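Undergrad: Got a structure for you, questions after.
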Amino acid sequence: MGEFYTKNNNQENEENENDYLKFISNNIQNWKKQNENTFISKISQGVENNYDIFCIFDGHNGNEVSKFVINHFCSEFLDNASKYKIETAINNTFSRMNKLMQSEEGKKEIIQLKISNQEEENKKYKKVLNQNIDEKQIKKFKEELSKEEQDEILEYTGCTAISIIIDEKKKKLYFANIGNSIAIVFGKDYSQIFESQHRPTDISEKNRIEKPNEVIFNDKLYGVLNATRTFGDFAYIHNNNQKIIIDQPDFKEYDIKDNDEFIFIATESIIELFDKDKIGDTLKDLVKPNNSFDSLKEKITEIIKGNIVNDFYNNDTEFGFDNMTYTLIQIKTQNK
């Protein structure tokens, strides 16, 4: 979902490290009119500075919901983690996102995000046309945003979410996911994949949805959505009082081992490029003796950029058009 129009080289990068790990997060706009994805990469969080929080929110039909979630996810998680066991804290954080969006303050925030996006679009179009920016026209747009347009943002905009939370003190990794993103822990000769496929074609999701034939056609929810668990998308949540879309994540706990070297988190659009069935093997094959973090991130970026479609119309693939977002994390040697 979302509009495609011309290839963009816009990228958002973030790199940082602490005593326990180092990371790079890369968010590539690609052919989408708007980069609908957002990410969180925050290290040394919490009262004891023991939490490292990595999330990717894969947006659709706009980025208002994915932007909203990055504004609130970390603070909600840290508040919950101070009160509850980790699985409960994460589940509460996920369910809290939709509740916040549906509050009056949340609705106002999302509407303002939409207005800000439209203002940026106005500026881009005027720049392309070599016209001066008319601030009065932008102000007029704000006043003309109708009630119907405001409602549509919440009704038809959403995002999936994957989170990897590392507790440095306990040497634990916590995986929580709604949607079709993936996380992989890997070393020189092995890989451990964390994934959950919340698709309309998935048997377990079909079984969860009563009478799936009423809402699934063309292998999508209502012929539109390719995920059955998301934030937002309020127009699709219920069908005859049956809850179709939910925000409950799949949760897994993992003990970080001495020979775990890297963690890779990626959106569905990147998994398709690597070949999902071989992605773990591909990554561990890239890890050579004495391989540096910089060389590995260069190889991964090379694979991704090498598979971005260069011609929108003349190509023989259905992949390589969407926004692409990933985070690569290295666990430092002294922590093994």
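Scheme for the structure tokens: letters A, B, ... for chains in order shown; per-chain residue numbers from 1; ligand numbers from 1 in order shown.
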With a distance cut-off of 9 Å and only C-alpha atoms, select the neighbouring residues of A:Ile70, excluding the residue or stretch itself and same-chain residues fewer than 6 positions from it, and output the selection as a PDB file with C-alpha atoms, in the first residue's frame.
TA:
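Written out: selection.pdb:
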ATOM      1  CA  THR A  38      10.331   4.334  11.154  1.00  0.00           C
ATOM      2  CA  PHE A  39      12.756   2.781  13.625  1.00  0.00           C
ATOM      3  CA  ILE A  40      13.930   3.033  17.223  1.00  0.00           C
ATOM      4  CA  CYS A  55      12.320  -1.614  16.839  1.00  0.00           C
ATOM      5  CA  PHE A  57       7.705  -0.076  12.381  1.00  0.00           C
TER       6      PHE A  57
END
Undergrad: Considering only C-alpha atoms, return as a PyMOL selection string whatever protein or nucleic-acid residues lie within 7 Å of A:Asn323, sequence-local ones (same chain, fewer than 5 positions apart) excluded.
TA: chain A and resi 28-30+32+35+37
Undergrad: Enumerate the residues of stretch 6-215 of chain A with a DSSP assignment of strand (DSSP E), computed from the backbone, and present them as number ranges by chain.
TA: A: 6-17, 21-32, 38-45, 51-60, 158-167, 172-178, 182-186, 191-195
Undergrad: Please identify all polymer residues within 7 Å of stretch 328-332 of chain A, counting only C-alpha atoms, omitting same-chain residues fewer than 3 positions from it, and present them as a PyMOL selection string.
TA: chain A and resi 20-25+261-265+293+335
Undergrad: Take the residues that were just selected and, keeping C-alpha atoms, output them as a PDB file, in the first residue's frame.
TA:
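again-v7.pdb was written with the following content:
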ATOM      1  CA  TYR A  20      28.102  -4.025  25.322  1.00  0.00           C
ATOM      2  CA  LEU A  21      27.272  -3.586  21.612  1.00  0.00           C
ATOM      3  CA  LYS A  22      27.418  -1.409  18.529  1.00  0.00           C
ATOM      4  CA  PHE A  23      24.805  -0.989  15.815  1.00  0.00           C
ATOM      5  CA  ILE A  24      23.767   0.620  12.559  1.00  0.00           C
ATOM      6  CA  SER A  25      20.170   1.281  11.517  1.00  0.00           C
ATOM      7  CA  GLU A 261      28.123 -12.311  17.280  1.00  0.00           C
ATOM      8  CA  PHE A 262      25.488 -10.388  15.365  1.00  0.00           C
ATOM      9  CA  ILE A 263      21.762  -9.655  15.380  1.00  0.00           C
ATOM     10  CA  PHE A 264      19.964  -8.629  12.205  1.00  0.00           C
ATOM     11  CA  ILE A 265      16.460  -7.124  12.128  1.00  0.00           C
ATOM     12  CA  PHE A 293      31.457  -4.868  11.865  1.00  0.00           C
ATOM     13  CA  ASN A 335      30.903  -9.649  26.613  1.00  0.00           C
TER      14      ASN A 335
END
Undergrad: Name all residues at most 10 Å from A:His60 (count only C-alpha atoms; drop same-chain ones fewer than 4 positions away) and give them as a list in words.
TA: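 Everything that qualifies: Met1, Gly2, Glu3, Gln34, Asn35, Glu36, Asn37, Glu64, Val65, Ser66, Tyr156, Thr157, Gly158, Cys159, Thr160, Leu225, Gly232, Asp233 and Asn323 of chain A.
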Undergrad: Deliver the residues from the most recent selection as a file, using N, CA and C atoms, as a short mmCIF file (atom, residue, chain, number, x, y, z; two decimals), in the first residue's frame.
TA:
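What follows is the written file again09.cif:
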data_model
loop_
_atom_site.label_atom_id
_atom_site.label_comp_id
_atom_site.auth_asym_id
_atom_site.auth_seq_id
_atom_site.Cartn_x
_atom_site.Cartn_y
_atom_site.Cartn_z
N MET A 1 0.83 -1.18 0.00
CA MET A 1 0.00 0.00 0.00
C MET A 1 0.87 1.24 0.00
N GLY A 2 0.31 2.35 -0.45
CA GLY A 2 1.07 3.58 -0.56
C GLY A 2 1.42 3.86 -2.00
N GLU A 3 1.70 5.11 -2.28
CA GLU A 3 1.95 5.51 -3.65
C GLU A 3 3.42 5.34 -4.03
N GLN A 34 6.53 8.27 -0.14
CA GLN A 34 6.80 8.65 1.23
C GLN A 34 7.48 7.47 1.93
N ASN A 35 8.47 7.79 2.77
CA ASN A 35 9.04 6.70 3.57
C ASN A 35 8.09 6.45 4.74
N GLU A 36 7.40 5.31 4.67
CA GLU A 36 6.38 5.00 5.66
C GLU A 36 6.95 4.26 6.87
N ASN A 37 8.23 3.85 6.79
CA ASN A 37 8.85 3.11 7.89
C ASN A 37 9.52 4.05 8.88
N GLU A 64 1.97 8.21 9.37
CA GLU A 64 1.49 8.86 10.58
C GLU A 64 1.46 7.91 11.78
N VAL A 65 1.00 6.68 11.58
CA VAL A 65 0.93 5.73 12.69
C VAL A 65 2.33 5.27 13.11
N SER A 66 3.20 4.98 12.14
CA SER A 66 4.56 4.54 12.49
C SER A 66 5.33 5.67 13.20
N TYR A 156 -7.47 4.07 8.07
CA TYR A 156 -6.82 3.33 6.98
C TYR A 156 -5.30 3.39 6.97
N THR A 157 -4.71 3.98 8.01
CA THR A 157 -3.25 4.03 8.11
C THR A 157 -2.80 3.13 9.26
N GLY A 158 -1.69 2.42 9.08
CA GLY A 158 -1.22 1.54 10.14
C GLY A 158 0.23 1.16 9.98
N CYS A 159 0.69 0.26 10.83
CA CYS A 159 2.06 -0.24 10.71
C CYS A 159 2.17 -1.57 11.44
N THR A 160 3.09 -2.40 10.97
CA THR A 160 3.47 -3.59 11.72
C THR A 160 4.65 -3.21 12.62
N LEU A 225 -5.01 -5.59 2.92
CA LEU A 225 -3.91 -5.69 3.87
C LEU A 225 -3.22 -7.05 3.81
N GLY A 232 -3.03 0.59 14.43
CA GLY A 232 -3.86 1.40 13.55
C GLY A 232 -4.83 0.54 12.77
N ASP A 233 -5.13 0.96 11.51
CA ASP A 233 -6.03 0.21 10.63
C ASP A 233 -7.38 -0.05 11.29
N ASN A 323 9.82 0.56 0.80
CA ASN A 323 10.76 1.07 1.80
C ASN A 323 11.51 -0.11 2.42
#
